[in-house]
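Enquirer: Here you go, one structure.
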Amino acid sequence: MQFWKRWMSRSKVEPTYPDFSGALAPEQPLFIIGDVHGRIDLLDQLLAKAPDDAQLILVGDLIDRGDESAQVLNRARDLCAEGAICLMGNHEKMMLDFIKHPIERGPRWLRYGGLQTLQSYGVPGARERAGEDELHFICDGLKTCLSDGMQDWIKTLPLHWHSGNVHVVHAAADPQVDLTKQSSRVLLWGTRAFDEQPRQDGQWVVHGHTIVDEAVCANGRVSIDTGAYATGVLTGAYIQADECTFISTASV
């Protein structure tokens with residue numbers, strides 16, 4: 001028995017919604033990791049359990065809320081250099097927006113986890129209610145602390161990746177729109193329609209962003225954000241033909 005199988009929990013792929021049909025059919029085995037949010041400890045634990053035959057993918061939201069956001073970004077960049085795929089999450093987008101427009105976009109980012117990212121980089125003066133001069137100062141500090149090329153690397157992260165009929169996005173995909181024509185806002189932030197109706201084209205969507213008590217594989221959706229920063233449970237989905245297996249940092 002392979003080492004990682006001790007941490008598996010199988011999810012039968014049984015579409016329950018009467019209007020959805022379609023079996024999981026990736027072109028290769030995939031291992032897709034949910035929102036890490038600055039928990040390098042959990043990421044390392046899950047990577048140690050990852051199947052060695054699968055394409056590794058991270059769904060984004062590497063940063064914010066967790067205290068080791070800088071370390072997670074560095075680890076993800078190294079993994080991508082070795083062949084992994086990393087998507088952009090809405091939290092990476094918020095950080096980029098802060099760097100570009102610190103006054104307009106700073107308060108929101110700081111309120112929703114940016115403080116932890118700044119602290120992980122050792123940026124001085126960061127506080128949630130920073131004034132305009134402080135925001136410029138914090139922004140300059142972050143740009144100085146980001147490792148060479150990191151900002152450009154984050155900018156190039158894709159919003160969508162697929163293998164066969166398995167599509168990986170950060171937040172959601174509009175079920176009424178072709179998966180190659182989704183808006184960036186939906187991919188990063190989600191849409192109510194994603195939860196309310198299945199796709200009609202047999203395509204599966206794997207996503208994070210919305211926290212679930214347990215990972216779910218049903219109705220053409222694979223939901224894998226188990227709230228790692230708060231729960232201590234980081235989950236990955238190992239997807240093969242017509243099979244989805246969840247592997248997490250929780251002992252089973």
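Following the order of the structure tokens, chains are lettered A, B, ..., residues in each are numbered from 1, and ligands are numbered from 1.
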I need the helix (DSSP H, G or I) residues of region 17-207 of chain A per DSSP on the backbone, written as number ranges by chain.
Expert: A: 40-48, 69-81, 90-100, 102-120, 132-145, 150-155, 184-189, 192-196
Enquirer: I want to know what sits within 7 Å of region 108-118 of chain A, based on only C-alpha atoms, with residues of the same chain fewer than 2 positions away left out; could you give that as an MDAnalysis selection string?
Expert: chainID A and resid 63:67 69:70 94:95 105:106 120:123 126:128 142
Enquirer: Name the closest residue to Val233 (chain A) among the candidates A:Asp97, A:Asp35, A:Glu104, A:Asp178; distances are taken between atoms, counting only C-alpha atoms.
Expert: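 Counting only C-alpha atoms, the residue closest to Val233 (chain A) is A:Asp35.
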Enquirer: So that I can see what lies close to Ala228 (chain A), please list as a PyMOL selection string the residues with an atom at most 8 Å from it, counting only C-alpha atoms and leaving out residues fewer than 2 positions away in the same chain.
Expert: chain A and resi 35-37+39+42+225-226+230-235
Enquirer: Output N, CA and C atoms for every residue in the selection just made, as a PDB file, in the first residue's frame.
Expert:
ATOM      1  N   ASP A  35      -7.546  26.057  -0.561  1.00  0.00           N
ATOM      2  CA  ASP A  35      -7.010  27.339  -0.102  1.00  0.00           C
ATOM      3  C   ASP A  35      -6.072  27.141   1.094  1.00  0.00           C
ATOM      4  N   VAL A  36      -4.814  27.536   0.945  1.00  0.00           N
ATOM      5  CA  VAL A  36      -3.809  27.342   1.986  1.00  0.00           C
ATOM      6  C   VAL A  36      -3.839  28.479   3.016  1.00  0.00           C
ATOM      7  N   HIS A  37      -4.024  29.704   2.563  1.00  0.00           N
ATOM      8  CA  HIS A  37      -4.133  30.879   3.440  1.00  0.00           C
ATOM      9  C   HIS A  37      -3.025  30.932   4.502  1.00  0.00           C
ATOM     10  N   ARG A  39      -0.809  28.853   5.714  1.00  0.00           N
ATOM     11  CA  ARG A  39      -0.490  27.734   6.617  1.00  0.00           C
ATOM     12  C   ARG A  39       0.557  26.840   5.967  1.00  0.00           C
ATOM     13  N   LEU A  42       0.575  23.182   7.212  1.00  0.00           N
ATOM     14  CA  LEU A  42      -0.413  22.276   6.623  1.00  0.00           C
ATOM     15  C   LEU A  42      -0.064  21.927   5.178  1.00  0.00           C
ATOM     16  N   ASP A 225     -12.329  23.661  -0.238  1.00  0.00           N
ATOM     17  CA  ASP A 225     -11.848  24.614   0.765  1.00  0.00           C
ATOM     18  C   ASP A 225     -12.440  24.233   2.118  1.00  0.00           C
ATOM     19  N   THR A 226     -11.630  23.618   2.968  1.00  0.00           N
ATOM     20  CA  THR A 226     -12.087  23.214   4.294  1.00  0.00           C
ATOM     21  C   THR A 226     -11.584  24.170   5.377  1.00  0.00           C
ATOM     22  N   ALA A 230      -8.399  28.306   9.757  1.00  0.00           N
ATOM     23  CA  ALA A 230      -9.170  28.288  11.004  1.00  0.00           C
ATOM     24  C   ALA A 230      -9.347  26.890  11.575  1.00  0.00           C
ATOM     25  N   THR A 231      -9.469  25.894  10.695  1.00  0.00           N
ATOM     26  CA  THR A 231      -9.784  24.537  11.153  1.00  0.00           C
ATOM     27  C   THR A 231      -8.557  23.656  11.315  1.00  0.00           C
ATOM     28  N   GLY A 232      -7.458  24.027  10.664  1.00  0.00           N
ATOM     29  CA  GLY A 232      -6.289  23.161  10.668  1.00  0.00           C
ATOM     30  C   GLY A 232      -6.398  22.004   9.700  1.00  0.00           C
ATOM     31  N   VAL A 233      -7.438  22.022   8.855  1.00  0.00           N
ATOM     32  CA  VAL A 233      -7.634  20.941   7.886  1.00  0.00           C
ATOM     33  C   VAL A 233      -7.470  21.490   6.475  1.00  0.00           C
ATOM     34  N   LEU A 234      -6.409  21.094   5.817  1.00  0.00           N
ATOM     35  CA  LEU A 234      -6.179  21.423   4.413  1.00  0.00           C
ATOM     36  C   LEU A 234      -6.467  20.179   3.594  1.00  0.00           C
ATOM     37  N   THR A 235      -7.253  20.333   2.543  1.00  0.00           N
ATOM     38  CA  THR A 235      -7.734  19.182   1.774  1.00  0.00           C
ATOM     39  C   THR A 235      -7.302  19.258   0.322  1.00  0.00           C
TER      40      THR A 235
END
Enquirer: Have a look at CA of Phe98 (chain A) and CA of Cys139 (chain A) and let me know their distance in Å, one decimal.
Expert: 7.3 Å
Enquirer: Can you list every residue in region 28-245 of chain A that DSSP puts in strand (DSSP E or B), as a ChimeraX atom specification?
Expert: /A:30-33,55-58,85-86,160-163,166-169,204-207,216-218,221-223,235-240,243-245
Enquirer: Any idea what's packed within 10 Å of Glu82 (chain A), counting only C-alpha atoms, ignoring anything in its chain fewer than 5 positions away? Could you give it as a PDB file with C-alpha atoms, in the first residue's frame?
Expert:
ATOM      1  CA  LEU A  56      -0.142  19.040  -8.651  1.00  0.00           C
ATOM      2  CA  ALA A  76       4.301  27.651  -4.313  1.00  0.00           C
ATOM      3  CA  ARG A  77       6.656  29.460  -6.650  1.00  0.00           C
TER       4      ARG A  77
END
Enquirer: Of the candidates A:Leu157, A:Ile40, A:Ala81, A:Leu187, which one gets nearest to Pro175 (chain A) if we count only C-alpha atoms?
Expert: A:Leu187
Enquirer: For Ile103 (chain A), find every residue with an atom within 9 Å (counting only C-alpha atoms), except residues of its own chain fewer than 2 positions away, and show them as a ChimeraX atom specification.
Expert: /A:98,101,105-107,131-133,135-136
Enquirer: Need the shell around Gln200 (chain A): protein/DNA/RNA residues with any atom at most 12 Å away, counting only C-alpha atoms. Skip same-chain ones fewer than 2 positions apart. Format as a ChimeraX atom specification?
Expert: /A:17-22,174-179,197-198,202-204,219-220
Enquirer: At what distance in Å, to one decimal, does CA of Gln240 (chain A) lie from CA of Arg199 (chain A)?
Expert: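 Interatomic distance here is 20.1 Å.
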Enquirer: Rounded to one decimal, what separation in Å do you get between CA of Met150 (chain A) and CA of Phe31 (chain A)?
Expert: 24.2 Å
